[in-house]
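To be precise, the following lines are upload25.cif, and they hold mmCIF, C-alpha atoms and all ligand atoms.
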data_upload
loop_
_atom_site.label_atom_id
_atom_site.label_comp_id
_atom_site.auth_asym_id
_atom_site.auth_seq_id
_atom_site.Cartn_x
_atom_site.Cartn_y
_atom_site.Cartn_z
CA MET A 22 8.45 13.27 -25.67
CA LYS A 23 11.44 11.81 -27.50
CA GLY A 24 10.91 8.26 -28.79
CA GLU A 25 7.12 8.50 -28.67
CA GLU A 26 6.55 9.33 -32.36
CA ASP A 27 5.40 5.76 -32.98
CA MET A 28 3.06 5.62 -29.98
CA ASN A 29 0.13 3.45 -30.99
CA PHE A 30 -2.73 2.11 -28.86
CA GLN A 31 -4.32 0.10 -31.66
CA LEU A 32 -5.57 -3.24 -30.33
CA ASP A 33 -5.13 -6.33 -32.47
CA GLU A 34 -8.20 -8.27 -33.58
CA GLU A 35 -7.81 -10.96 -30.94
CA ILE A 36 -7.83 -8.41 -28.12
CA GLU A 37 -10.72 -6.49 -29.67
CA PHE A 38 -12.66 -9.75 -29.74
CA LEU A 39 -11.76 -10.55 -26.15
CA LYS A 40 -12.62 -7.01 -25.06
CA LYS A 41 -16.06 -7.32 -26.59
CA ASN A 42 -16.63 -10.68 -24.89
CA VAL A 43 -15.53 -9.27 -21.52
CA ARG A 44 -17.83 -6.28 -22.02
CA ASP A 45 -20.80 -8.55 -22.78
CA PHE A 46 -20.01 -10.73 -19.75
CA VAL A 47 -19.62 -7.74 -17.43
CA GLN A 48 -22.71 -5.92 -18.70
CA THR A 49 -24.98 -8.92 -18.53
CA GLU A 50 -23.78 -11.42 -15.93
CA VAL A 51 -21.80 -9.33 -13.44
CA GLU A 52 -24.09 -6.29 -13.56
CA ALA A 53 -27.10 -8.55 -12.96
CA ALA A 54 -25.39 -9.94 -9.85
CA ALA A 55 -24.06 -6.60 -8.56
CA MET A 56 -26.79 -5.87 -6.02
CA ASP A 57 -26.55 -9.42 -4.62
CA ILE A 58 -22.75 -9.14 -4.38
CA GLU A 59 -23.23 -5.94 -2.42
CA LYS A 60 -25.83 -7.37 -0.03
CA GLU A 61 -24.32 -10.82 0.44
CA ASP A 62 -20.67 -9.72 0.38
CA LYS A 63 -19.87 -12.61 -1.93
CA ILE A 64 -19.04 -13.03 -5.61
CA PRO A 65 -21.28 -15.85 -6.90
CA ASP A 66 -19.37 -19.02 -7.83
CA ARG A 67 -21.03 -18.85 -11.26
CA ILE A 68 -19.33 -15.49 -11.97
CA ILE A 69 -15.96 -16.86 -10.86
CA GLU A 70 -16.40 -19.94 -13.06
CA MET A 71 -17.36 -17.83 -16.08
CA SER A 72 -14.34 -15.56 -15.45
CA LYS A 73 -12.12 -18.63 -15.46
CA GLU A 74 -13.61 -19.86 -18.73
CA MET A 75 -12.90 -16.48 -20.33
CA GLY A 76 -9.28 -16.70 -19.24
CA LEU A 77 -9.49 -13.61 -17.03
CA PHE A 78 -7.38 -15.20 -14.29
CA GLY A 79 -4.54 -15.58 -16.79
CA LEU A 80 -4.47 -11.92 -17.87
CA SER A 81 -0.88 -11.34 -16.70
CA ILE A 82 0.51 -14.76 -17.45
CA PRO A 83 2.49 -15.63 -20.60
CA GLU A 84 0.89 -18.04 -23.08
CA GLU A 85 3.53 -20.71 -22.48
CA TYR A 86 2.21 -21.06 -18.91
CA GLY A 87 -1.42 -21.10 -19.97
CA GLY A 88 -2.19 -17.37 -19.72
CA LEU A 89 -3.46 -14.90 -22.29
CA GLY A 90 0.06 -13.61 -22.98
CA ILE A 91 -0.95 -10.05 -23.76
CA GLY A 92 0.94 -6.80 -23.25
CA MET A 93 0.01 -3.94 -20.91
CA VAL A 94 -2.01 -2.02 -23.51
CA GLY A 95 -4.13 -5.12 -24.17
CA LYS A 96 -4.40 -5.82 -20.47
CA CYS A 97 -5.60 -2.28 -19.77
CA ALA A 98 -8.20 -2.61 -22.53
CA LEU A 99 -9.64 -5.61 -20.69
CA TYR A 100 -9.25 -4.06 -17.24
CA GLU A 101 -11.21 -1.05 -18.47
CA GLU A 102 -14.16 -3.36 -19.15
CA ILE A 103 -13.76 -5.17 -15.82
CA GLY A 104 -13.68 -1.82 -14.00
CA ALA A 105 -17.12 -0.89 -15.33
CA THR A 106 -18.94 -3.04 -12.81
CA HIS A 107 -19.00 -3.99 -9.12
CA ASN A 108 -15.57 -3.07 -7.75
CA GLY A 109 -15.52 -6.09 -5.42
CA PHE A 110 -15.40 -8.32 -8.49
CA THR A 111 -12.95 -5.94 -10.15
CA THR A 112 -10.68 -6.11 -7.09
CA LEU A 113 -10.75 -9.88 -6.81
CA ILE A 114 -9.64 -10.23 -10.43
CA GLY A 115 -7.32 -7.20 -10.24
CA ALA A 116 -5.47 -8.33 -7.10
CA HIS A 117 -5.05 -11.84 -8.51
CA THR A 118 -3.87 -10.75 -11.96
CA GLY A 119 -1.86 -7.82 -10.58
CA ILE A 120 0.02 -8.03 -7.28
CA GLY A 121 -1.04 -11.67 -6.77
CA THR A 122 0.67 -13.13 -9.83
CA VAL A 123 3.09 -10.64 -11.39
CA GLY A 124 5.75 -11.40 -8.77
CA ILE A 125 6.00 -14.99 -9.96
CA VAL A 126 5.78 -13.94 -13.62
CA GLU A 127 8.49 -11.27 -13.34
CA LEU A 128 10.77 -12.68 -10.66
CA GLY A 129 10.09 -16.42 -10.43
CA ASN A 130 12.60 -19.02 -11.62
CA GLU A 131 11.59 -21.58 -14.23
CA GLN A 132 10.70 -24.20 -11.65
CA GLN A 133 8.45 -21.78 -9.73
CA LYS A 134 6.78 -20.59 -12.92
CA GLN A 135 6.02 -24.12 -14.04
CA LYS A 136 4.75 -25.08 -10.62
CA TYR A 137 2.41 -22.13 -10.01
CA LEU A 138 1.57 -20.19 -13.17
CA PRO A 139 -0.59 -22.72 -15.05
CA ALA A 140 -2.90 -23.18 -12.02
CA LEU A 141 -2.98 -19.39 -11.43
CA ALA A 142 -3.79 -18.84 -15.13
CA ARG A 143 -6.70 -21.28 -14.99
CA GLY A 144 -7.97 -19.74 -11.75
CA ASP A 145 -7.57 -23.08 -9.99
CA TYR A 146 -5.22 -21.17 -7.69
CA ILE A 147 -6.05 -17.63 -6.59
CA GLY A 148 -3.13 -15.28 -5.93
CA ALA A 149 -2.57 -12.68 -3.19
CA PHE A 150 0.20 -10.32 -2.10
CA ALA A 151 1.08 -9.84 1.56
CA LEU A 152 3.33 -6.93 2.42
CA THR A 153 1.38 -4.72 4.86
CA GLU A 154 1.62 -5.24 8.62
CA PRO A 155 0.28 -3.26 11.57
CA SER A 156 3.67 -1.53 11.94
CA ALA A 157 4.49 -1.39 8.22
CA GLY A 158 2.01 0.41 5.95
CA SER A 159 3.43 3.24 3.86
CA ASN A 160 6.79 2.46 5.43
CA ALA A 161 7.12 -1.08 4.15
CA THR A 162 10.71 -1.32 5.39
CA ASN A 163 9.41 -1.57 8.97
CA LEU A 164 8.29 -5.20 8.65
CA LYS A 165 8.27 -7.30 11.82
CA THR A 166 7.58 -10.66 10.18
CA THR A 167 10.77 -12.70 10.39
CA ALA A 168 12.09 -15.54 8.23
CA GLU A 169 14.84 -17.65 9.72
CA LYS A 170 16.70 -20.19 7.61
CA LYS A 171 16.79 -23.68 9.14
CA GLY A 172 18.29 -26.32 6.86
CA ASP A 173 16.37 -26.41 3.61
CA LYS A 174 13.48 -24.37 5.01
CA TYR A 175 12.70 -20.89 6.24
CA ILE A 176 10.59 -20.52 9.37
CA LEU A 177 8.32 -17.46 9.21
CA ASN A 178 6.67 -15.71 12.15
CA GLY A 179 4.48 -12.62 12.06
CA THR A 180 1.11 -11.15 11.13
CA LYS A 181 0.04 -9.36 7.95
CA HIS A 182 -3.18 -7.42 7.68
CA TYR A 183 -5.59 -6.01 5.06
CA ILE A 184 -4.59 -8.75 2.61
CA THR A 185 -6.94 -8.76 -0.40
CA ASN A 186 -8.12 -12.24 -1.49
CA ALA A 187 -6.68 -13.76 1.73
CA THR A 188 -9.80 -15.84 2.34
CA VAL A 189 -9.86 -17.34 -1.14
CA ALA A 190 -6.20 -17.37 -2.13
CA ASP A 191 -4.06 -20.47 -2.53
CA VAL A 192 -0.72 -18.78 -3.22
CA PHE A 193 0.68 -15.69 -1.49
CA THR A 194 3.70 -13.53 -2.31
CA VAL A 195 4.91 -12.68 1.20
CA MET A 196 7.66 -10.30 2.33
CA ALA A 197 9.58 -11.06 5.55
CA VAL A 198 12.78 -9.97 7.26
CA THR A 199 15.71 -12.37 6.81
CA ASP A 200 18.35 -10.03 8.25
CA ALA A 201 17.15 -7.25 10.56
CA SER A 202 20.60 -5.60 10.60
CA LYS A 203 20.33 -4.73 6.89
CA GLY A 204 17.10 -2.69 6.91
CA ALA A 205 15.39 -2.68 3.49
CA LYS A 206 18.15 -4.94 2.13
CA GLY A 207 17.33 -7.56 4.77
CA ILE A 208 13.85 -8.29 3.38
CA THR A 209 13.14 -11.37 1.26
CA SER A 210 10.06 -12.41 -0.71
CA PHE A 211 8.57 -15.90 -0.57
CA ILE A 212 5.89 -17.87 -2.37
CA ILE A 213 3.69 -19.36 0.33
CA GLU A 214 0.93 -21.89 -0.20
CA LYS A 215 -2.09 -21.76 2.07
CA ASP A 216 -1.49 -25.38 3.13
CA PHE A 217 2.07 -24.86 4.35
CA PRO A 218 2.33 -25.82 8.06
CA GLY A 219 1.94 -22.77 10.32
CA PHE A 220 -0.03 -20.67 7.80
CA LYS A 221 -3.41 -19.39 8.88
CA VAL A 222 -5.93 -16.80 7.67
CA GLY A 223 -6.99 -14.58 10.61
CA ALA A 224 -9.85 -12.15 11.05
CA VAL A 225 -11.68 -10.78 8.02
CA GLU A 226 -11.62 -6.99 8.24
CA PRO A 227 -15.06 -5.39 7.70
CA LYS A 228 -14.82 -2.36 5.43
CA MET A 229 -16.58 0.64 3.88
CA GLY A 230 -16.90 -0.90 0.43
CA LEU A 231 -15.47 -3.43 -2.03
CA HIS A 232 -18.01 -5.95 -0.82
CA GLY A 233 -17.39 -9.41 -2.18
CA SER A 234 -13.64 -8.80 -2.04
CA HIS A 235 -12.35 -9.81 1.36
CA SER A 236 -9.36 -8.39 3.18
CA ALA A 237 -8.03 -10.35 6.11
CA GLU A 238 -5.10 -10.97 8.38
CA ILE A 239 -2.68 -13.73 7.66
CA ILE A 240 -0.90 -15.29 10.57
CA LEU A 241 2.43 -17.08 10.26
CA GLU A 242 3.31 -19.19 13.29
CA ASP A 243 6.49 -21.14 12.69
CA CYS A 244 5.32 -21.35 9.10
CA GLU A 245 7.56 -23.73 7.16
CA VAL A 246 8.51 -22.53 3.70
CA PRO A 247 10.86 -24.59 1.51
CA ALA A 248 14.03 -22.65 0.55
CA GLU A 249 13.13 -23.23 -3.12
CA ASN A 250 10.16 -20.89 -2.55
CA VAL A 251 12.31 -17.80 -2.11
CA LEU A 252 11.12 -15.46 -4.87
CA GLY A 253 14.08 -13.74 -6.52
CA GLU A 254 17.21 -13.24 -4.45
CA GLU A 255 17.44 -13.22 -0.66
CA GLY A 256 17.60 -9.56 0.47
CA GLN A 257 15.75 -8.32 -2.63
CA GLY A 258 12.25 -8.53 -1.13
CA TYR A 259 11.72 -4.80 -0.68
CA VAL A 260 12.84 -4.00 -4.22
CA ASN A 261 10.67 -6.88 -5.45
CA ALA A 262 7.64 -5.47 -3.61
CA LEU A 263 8.18 -2.04 -5.20
CA LYS A 264 8.51 -3.64 -8.66
CA ILE A 265 5.33 -5.67 -8.20
CA LEU A 266 3.40 -2.61 -6.99
CA ALA A 267 4.77 -0.42 -9.81
CA ASN A 268 3.85 -3.04 -12.39
CA GLY A 269 0.23 -2.99 -11.20
CA ARG A 270 -0.28 0.77 -11.41
CA ALA A 271 -1.37 1.04 -15.05
CA GLY A 272 -3.81 -1.83 -14.46
CA LEU A 273 -5.37 -0.16 -11.44
CA ALA A 274 -5.74 3.09 -13.40
CA ALA A 275 -7.46 1.19 -16.22
CA ARG A 276 -9.92 -0.33 -13.76
CA ASN A 277 -10.59 3.14 -12.32
CA LEU A 278 -11.09 4.38 -15.87
CA GLY A 279 -13.75 1.71 -16.46
CA SER A 280 -15.56 2.82 -13.30
CA CYS A 281 -15.39 6.50 -14.37
CA GLN A 282 -16.84 5.66 -17.79
CA LYS A 283 -19.66 3.69 -16.17
CA LEU A 284 -20.47 6.62 -13.87
CA LEU A 285 -20.47 9.00 -16.83
CA ASP A 286 -22.77 6.67 -18.79
CA LEU A 287 -25.21 6.43 -15.86
CA SER A 288 -25.07 10.19 -15.32
CA MET A 289 -25.71 11.01 -18.98
CA GLN A 290 -28.71 8.74 -18.99
CA TYR A 291 -30.14 10.07 -15.73
CA THR A 292 -29.60 13.77 -16.37
CA GLN A 293 -31.43 13.54 -19.70
CA GLU A 294 -34.36 11.62 -18.21
CA ARG A 295 -34.86 13.35 -14.89
CA GLU A 296 -36.88 16.55 -15.14
CA GLN A 297 -36.99 19.44 -12.67
CA PHE A 298 -38.42 22.91 -13.34
CA GLY A 299 -40.02 21.49 -16.51
CA VAL A 300 -36.82 20.47 -18.29
CA PRO A 301 -34.34 17.57 -18.17
CA ILE A 302 -31.81 18.51 -15.46
CA ILE A 303 -28.94 18.48 -18.01
CA GLU A 304 -30.52 21.67 -19.39
CA HIS A 305 -29.49 23.38 -16.14
CA GLN A 306 -26.02 24.68 -16.83
CA ALA A 307 -24.65 23.65 -13.42
CA VAL A 308 -25.55 20.02 -14.14
CA ALA A 309 -24.27 20.19 -17.73
CA HIS A 310 -20.96 21.49 -16.46
CA MET A 311 -20.62 18.67 -13.97
CA VAL A 312 -21.08 15.97 -16.62
CA SER A 313 -18.70 17.87 -18.92
CA GLU A 314 -16.04 17.84 -16.21
CA MET A 315 -16.63 14.12 -15.61
CA ALA A 316 -16.15 13.46 -19.36
CA VAL A 317 -12.99 15.57 -19.63
CA GLU A 318 -11.31 13.90 -16.67
CA THR A 319 -12.33 10.44 -17.88
CA GLU A 320 -10.83 11.13 -21.34
CA ALA A 321 -7.65 12.55 -19.84
CA LEU A 322 -7.32 9.44 -17.66
CA ARG A 323 -7.87 7.24 -20.73
CA SER A 324 -5.06 8.93 -22.68
CA PHE A 325 -2.67 8.84 -19.73
CA THR A 326 -3.44 5.19 -18.92
CA TYR A 327 -2.74 3.94 -22.45
CA ARG A 328 0.35 6.10 -22.78
CA VAL A 329 1.89 4.60 -19.64
CA ALA A 330 0.75 1.10 -20.69
CA TRP A 331 2.44 1.64 -24.06
CA MET A 332 5.64 2.76 -22.29
CA VAL A 333 5.56 -0.43 -20.20
CA ASP A 334 5.19 -2.52 -23.37
CA GLN A 335 8.18 -0.68 -24.89
CA GLY A 336 10.28 -1.61 -21.84
CA LYS A 337 10.66 2.06 -20.86
CA LYS A 338 11.31 3.10 -17.28
CA VAL A 339 8.01 4.29 -15.80
CA ILE A 340 8.66 4.84 -12.09
CA LYS A 341 7.53 8.48 -12.20
CA GLU A 342 4.78 7.98 -14.80
CA ALA A 343 3.31 4.94 -13.03
CA ALA A 344 3.17 6.85 -9.73
CA MET A 345 1.60 9.86 -11.51
CA LEU A 346 -0.96 7.58 -13.11
CA LYS A 347 -1.80 5.78 -9.84
CA LEU A 348 -2.29 9.18 -8.19
CA TYR A 349 -4.23 10.74 -11.05
CA GLY A 350 -6.45 7.73 -11.72
CA SER A 351 -7.46 7.42 -8.07
CA GLU A 352 -8.10 11.12 -7.60
CA VAL A 353 -10.09 11.35 -10.87
CA TYR A 354 -12.20 8.34 -9.92
CA ASN A 355 -13.05 9.99 -6.59
CA ARG A 356 -13.92 13.33 -8.23
CA VAL A 357 -16.04 11.64 -10.91
CA ALA A 358 -17.84 9.53 -8.29
CA ASP A 359 -18.53 12.64 -6.21
CA LYS A 360 -20.03 14.45 -9.21
CA ALA A 361 -22.05 11.37 -10.15
CA VAL A 362 -23.66 11.45 -6.69
CA GLN A 363 -24.32 15.17 -7.05
CA VAL A 364 -26.02 15.04 -10.47
CA HIS A 365 -28.17 12.14 -9.27
CA GLY A 366 -29.37 14.07 -6.23
CA GLY A 367 -31.02 11.91 -3.55
CA ILE A 368 -31.00 8.74 -5.60
CA GLY A 369 -27.21 9.03 -5.76
CA TYR A 370 -27.15 8.43 -2.02
CA ILE A 371 -29.67 5.58 -1.94
CA SER A 372 -28.33 2.04 -1.83
CA ASP A 373 -30.88 0.60 -4.28
CA TYR A 374 -28.99 2.40 -7.01
CA PRO A 375 -25.29 1.74 -7.89
CA ILE A 376 -23.92 5.29 -7.62
CA GLU A 377 -23.37 5.33 -3.84
CA ARG A 378 -21.57 1.97 -4.12
CA PHE A 379 -19.08 3.37 -6.66
CA PHE A 380 -18.64 6.42 -4.42
CA ARG A 381 -17.66 4.21 -1.44
CA ASP A 382 -15.55 1.87 -3.57
CA ALA A 383 -13.65 4.74 -5.17
CA ARG A 384 -12.32 5.83 -1.79
CA ILE A 385 -9.95 2.90 -1.33
CA THR A 386 -8.10 3.64 -4.57
CA ARG A 387 -6.44 6.65 -2.90
CA ILE A 388 -5.13 4.35 -0.16
CA TYR A 389 -4.22 0.85 -1.30
CA GLU A 390 -1.24 -0.10 -3.46
CA GLY A 391 0.45 3.05 -2.08
CA THR A 392 -1.47 6.11 -0.86
CA SER A 393 -1.79 9.29 -2.93
CA GLU A 394 0.71 10.98 -0.60
CA ILE A 395 3.28 8.21 -1.17
CA GLN A 396 2.81 8.54 -4.95
CA LYS A 397 3.57 12.26 -4.62
CA ASN A 398 6.73 11.40 -2.67
CA ILE A 399 7.82 9.03 -5.47
CA ILE A 400 7.07 11.66 -8.14
CA SER A 401 8.96 14.42 -6.34
CA SER A 402 11.99 12.21 -5.70
CA GLN A 403 12.10 11.35 -9.43
CA LEU A 404 11.67 15.02 -10.33
CA LYS A 405 14.57 15.97 -8.05
CA LYS A 406 16.77 13.50 -9.95
CA GLU A 407 15.65 14.91 -13.32
CA TYR A 408 16.13 18.52 -12.26
CA ALA A 409 19.27 17.97 -10.16
CA LEU A 410 21.10 21.29 -9.83
C1 LIG B 501 -9.18 -2.75 1.42
C2 LIG B 501 -7.69 -2.82 1.50
C3 LIG B 501 -7.01 -3.75 0.75
C4 LIG B 501 -5.61 -3.86 0.84
N1 LIG B 501 -4.97 -4.86 0.17
C5 LIG B 501 -3.66 -5.10 0.44
C6 LIG B 501 -3.00 -6.26 -0.09
O1 LIG B 501 -3.58 -7.06 -0.82
N2 LIG B 501 -1.71 -6.48 0.26
C7 LIG B 501 -1.01 -5.64 1.07
O2 LIG B 501 0.16 -5.90 1.35
N3 LIG B 501 -1.60 -4.51 1.57
C8 LIG B 501 -2.90 -4.24 1.29
N4 LIG B 501 -3.53 -3.13 1.81
C9 LIG B 501 -2.76 -2.20 2.62
C10 LIG B 501 -2.55 -0.83 1.98
O3 LIG B 501 -1.65 -0.92 0.91
C11 LIG B 501 -2.13 0.13 3.10
O4 LIG B 501 -3.28 0.34 3.91
C12 LIG B 501 -1.58 1.43 2.56
O5 LIG B 501 -0.35 1.24 1.91
C13 LIG B 501 -1.40 2.47 3.68
O6 LIG B 501 -0.78 1.94 4.81
P1 LIG B 501 -1.44 2.17 6.24
O7 LIG B 501 -2.86 1.75 6.17
O8 LIG B 501 -0.60 1.53 7.27
O9 LIG B 501 -1.43 3.74 6.45
P2 LIG B 501 -0.21 4.63 6.98
O10 LIG B 501 1.04 4.28 6.29
O11 LIG B 501 -0.21 4.60 8.47
O12 LIG B 501 -0.65 6.07 6.48
C14 LIG B 501 -1.58 6.90 7.17
C15 LIG B 501 -1.57 8.28 6.51
O13 LIG B 501 -0.25 8.86 6.61
C16 LIG B 501 0.24 9.19 5.32
N5 LIG B 501 1.68 8.99 5.28
C17 LIG B 501 2.41 7.98 5.81
N6 LIG B 501 3.70 8.15 5.54
C18 LIG B 501 3.82 9.28 4.80
C19 LIG B 501 4.90 9.98 4.19
N7 LIG B 501 6.14 9.54 4.25
N8 LIG B 501 4.62 11.11 3.51
C20 LIG B 501 3.35 11.58 3.40
N9 LIG B 501 2.29 10.96 3.96
C21 LIG B 501 2.52 9.83 4.65
C22 LIG B 501 -0.49 8.23 4.38
O14 LIG B 501 -0.47 8.70 3.04
C23 LIG B 501 -1.87 8.20 4.99
O15 LIG B 501 -2.57 9.36 4.60
C24 LIG B 501 -4.91 -2.98 1.69
C25 LIG B 501 -5.60 -2.01 2.43
C26 LIG B 501 -6.97 -1.94 2.37
C27 LIG B 501 -7.70 -0.95 3.24
#

When written as structure tokens, how does the structure in this file appear?
Amino acid sequence: MKGEEDMNFQLDEEIEFLKKNVRDFVQTEVEAAAMDIEKEDKIPDRIIEMSKEMGLFGLSIPEEYGGLGIGMVGKCALYEEIGATHNGFTTLIGAHTGIGTVGIVELGNEQQKQKYLPALARGDYIGAFALTEPSAGSNATNLKTTAEKKGDKYILNGTKHYITNATVADVFTVMAVTDASKGAKGITSFIIEKDFPGFKVGAVEPKMGLHGSHSAEIILEDCEVPAENVLGEEGQGYVNALKILANGRAGLAARNLGSCQKLLDLSMQYTQEREQFGVPIIEHQAVAHMVSEMAVETEALRSFTYRVAWMVDQGKKVIKEAAMLKLYGSEVYNRVADKAVQVHGGIGYISDYPIERFFRDARITRIYEGTSEIQKNIISSQLKKEYAL
């Protein structure tokens, strides 16, 4: 493609160093805790504290506000490592550093950045993003949460659901309707602190996987939000939400990539050790072909992820590519997880071993941050513009 002659995914020394440290941390500390996270549905405080010390909470935040100040290629390199372990941990960090903080980084004014970003970078504040409501899932323009301006405050009323990090978050990016007559252009985004009057976390929603990462309702009952906490312009909330979600897509793909690589590693080890019919099972062509397919799709996802990340760093428009990558990364992760179960046979289905956990955790990636079907809608609408007759 034109303008891509100088495409380069080379990481600088600092990021290589960080990547190695994150890998060591993930492979020793987080992996050792993975079974407990799964059983207890909780990320140990020790793991959170160590993540803070490594600066992982500041992955998306510029250096001047206390973050790591790295570009998307560097961020994906670290996300790839974080993705190679328990996806509950991966999601907690990913939701905070992605949809939970990028709104303030990209759209916040100086005052908002100074107020929130340093604490978010340290992990003293955890971030969350609250768009979805019972009536507004894929169709995020159908929000029922209202925000009415009264003096120097907005009063918010409504209920959000499925909000990742809701139980641990301090700061939420929340979308609400300020002018119902204007449809998508009547939505505004707000920064809401958990201690604002009228803000409450509702029921935690039990789920198939991602244990340790909690999704819950948030309830706004005459919730008072200072007017200075409008994020971006009034009426721009829907566009803001799309920007925040689009920004996160390369990161989610990189986390999926890390999980695929982990599943391939486990499968290559198991299929060479496990013997049936007198030979390691990888000597059976059907098994060898399955691991080959896992490797090909993982490599293809790697190339695509870093290409889109590079485009983001170059300031290129990536609406179509980011949607393609979100779609492809989620679908590949599910196919790789399915094959990993298959080559492991019975043990792939048994909960004492990590494969079945990855299989369950992979499933959400086709749904959250925009379903696979919605990504296809975005891609086709971009294609229609490119190929307009
Ligand atoms: C574990 C988890 C964590 C989440 N975290 C967050 C979060 O932190 N913040 C947040 O705001 N939201 C979050 N969500 C919500 C998530 O983004 C939505 O669930 C998702 O966007 C789908 O919305 P929905 O569940 O209402 O499904 P629906 O929109 O009702 O979709 C149901 C089915 O219909 C299909 N469909 C709908 N419309 C179309 C269309 N136009 N064309 C083709 N197919 C269509 C969908 O693809 C899907 O297959 C989370 C959800 C889960 C389960």

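Near ligand LIG 501 (chain B), at a distance of at most 7 Å and with all atoms listed in the file counted, sit the residues Ala116, Ala149, Phe150, Ala151, Leu152, Thr153, Pro155, Ala157, Gly158, Ser159, Asn160, His182, Tyr183, Ile184, Thr185, Asn186, Lys228, Ser236, Ile385, Ile388, Tyr389, Glu390, Gly391, Thr392, Ser393, Glu394, Ile395 and Asn398 of chain A.
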
For Val353 in chain A, the closest of A:Cys281, A:Met93, A:Leu404, A:Leu287 counting all atoms listed in the file is A:Cys281

Using only C-alpha atoms, the best pick from A:Gly256, A:Gly369, A:Gly172, A:Gly179 as closest to Asp200 in chain A would be A:Gly256

How far is it from CA of Gly258 in chain A to CA of Tyr146 in chain A, in Å with one decimal?
-> 22.5 Å

Leu284 in chain A proximity check over A:Val300, A:Leu266, A:Val364, A:Met332, using all atoms listed in the file: winner is A:Val364

Atom pair CA of Ser156 in chain A / CA of Glu238 in chain A: separation (Å) | 13.4 Å

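If all atoms listed in the file are the atoms counted, then among A:His107, A:Lys360, A:Lys134, A:Lys347 the closest residue to Ala275 in chain A is A:Lys347.
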
All residues 9 Å or closer to Val251 in chain A, all atoms listed in the file, same chain fewer than 6 positions away omitted, as a PDB file with C-alpha atoms, keeping the file's coordinate frame:
ATOM      1  CA  GLY A 129      10.090 -16.420 -10.430  1.00  0.00           C
ATOM      2  CA  TYR A 175      12.700 -20.890   6.240  1.00  0.00           C
ATOM      3  CA  THR A 209      13.140 -11.370   1.260  1.00  0.00           C
ATOM      4  CA  SER A 210      10.060 -12.410  -0.710  1.00  0.00           C
ATOM      5  CA  PHE A 211       8.570 -15.900  -0.570  1.00  0.00           C
ATOM      6  CA  ILE A 212       5.890 -17.870  -2.370  1.00  0.00           C
TER       7      ILE A 212
END

Need the neighbours of (-2.7, -20.7, -0.3): which residues are at most 8 Å away, counting all atoms listed in the file, as an NGL selection string?
-> :A and (146-148 or 189-193 or 213-217)

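From CA of Asn42 in chain A back to CA of Ala187 in chain A, the distance works out to 28.6 Å.
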
Contacts of Glu127 in chain A at 10 Å or less, counting only C-alpha atoms, minus same-chain residues fewer than 3 places along, as a PyMOL selection string?
-> chain A and resi 81-82+122-124+130+134+252-253+261+264-265+268

Around (0.1, 7.1, -20.4) in the file's own coordinates, what residues are found within 10 Å if you use all atoms listed in the file, given back as a ChimeraX atom specification?
-> /A:94,271,274,321-333,339,342-343,345-346

Across A:Glu102, A:Glu249, A:Glu314, A:Asp33, the smallest distance to Glu52 in chain A, with only C-alpha atoms counted, is shown by A:Glu102

Pick from A:Gly92, A:Glu226, A:Leu99, A:Glu154 nearest to Gly336 in chain A, counting all atoms listed in the file | A:Gly92

Quick one: everything within 12 Å of Asn277 in chain A, counting all atoms listed in the file, minus sequence neighbours fewer than 5 positions away in the same chain. Send it as an MDAnalysis selection string.
-> chainID A and resid 97:98 100:108 111:112 115 270:272 282:284 318:319 322:323 326 346:358 379:380 382:387

Enclose the full set of atoms of range 193-201 of chain A listed in the file within a box whose edges lie along x, y and z, apply 3 Å of padding to each of the six sides, and report centre and edge lengths in Å to one decimal as JSON.
{"center_x": 9.5, "center_y": -11.5, "center_z": 4.1, "size_x": 23.7, "size_y": 14.4, "size_z": 18.9}
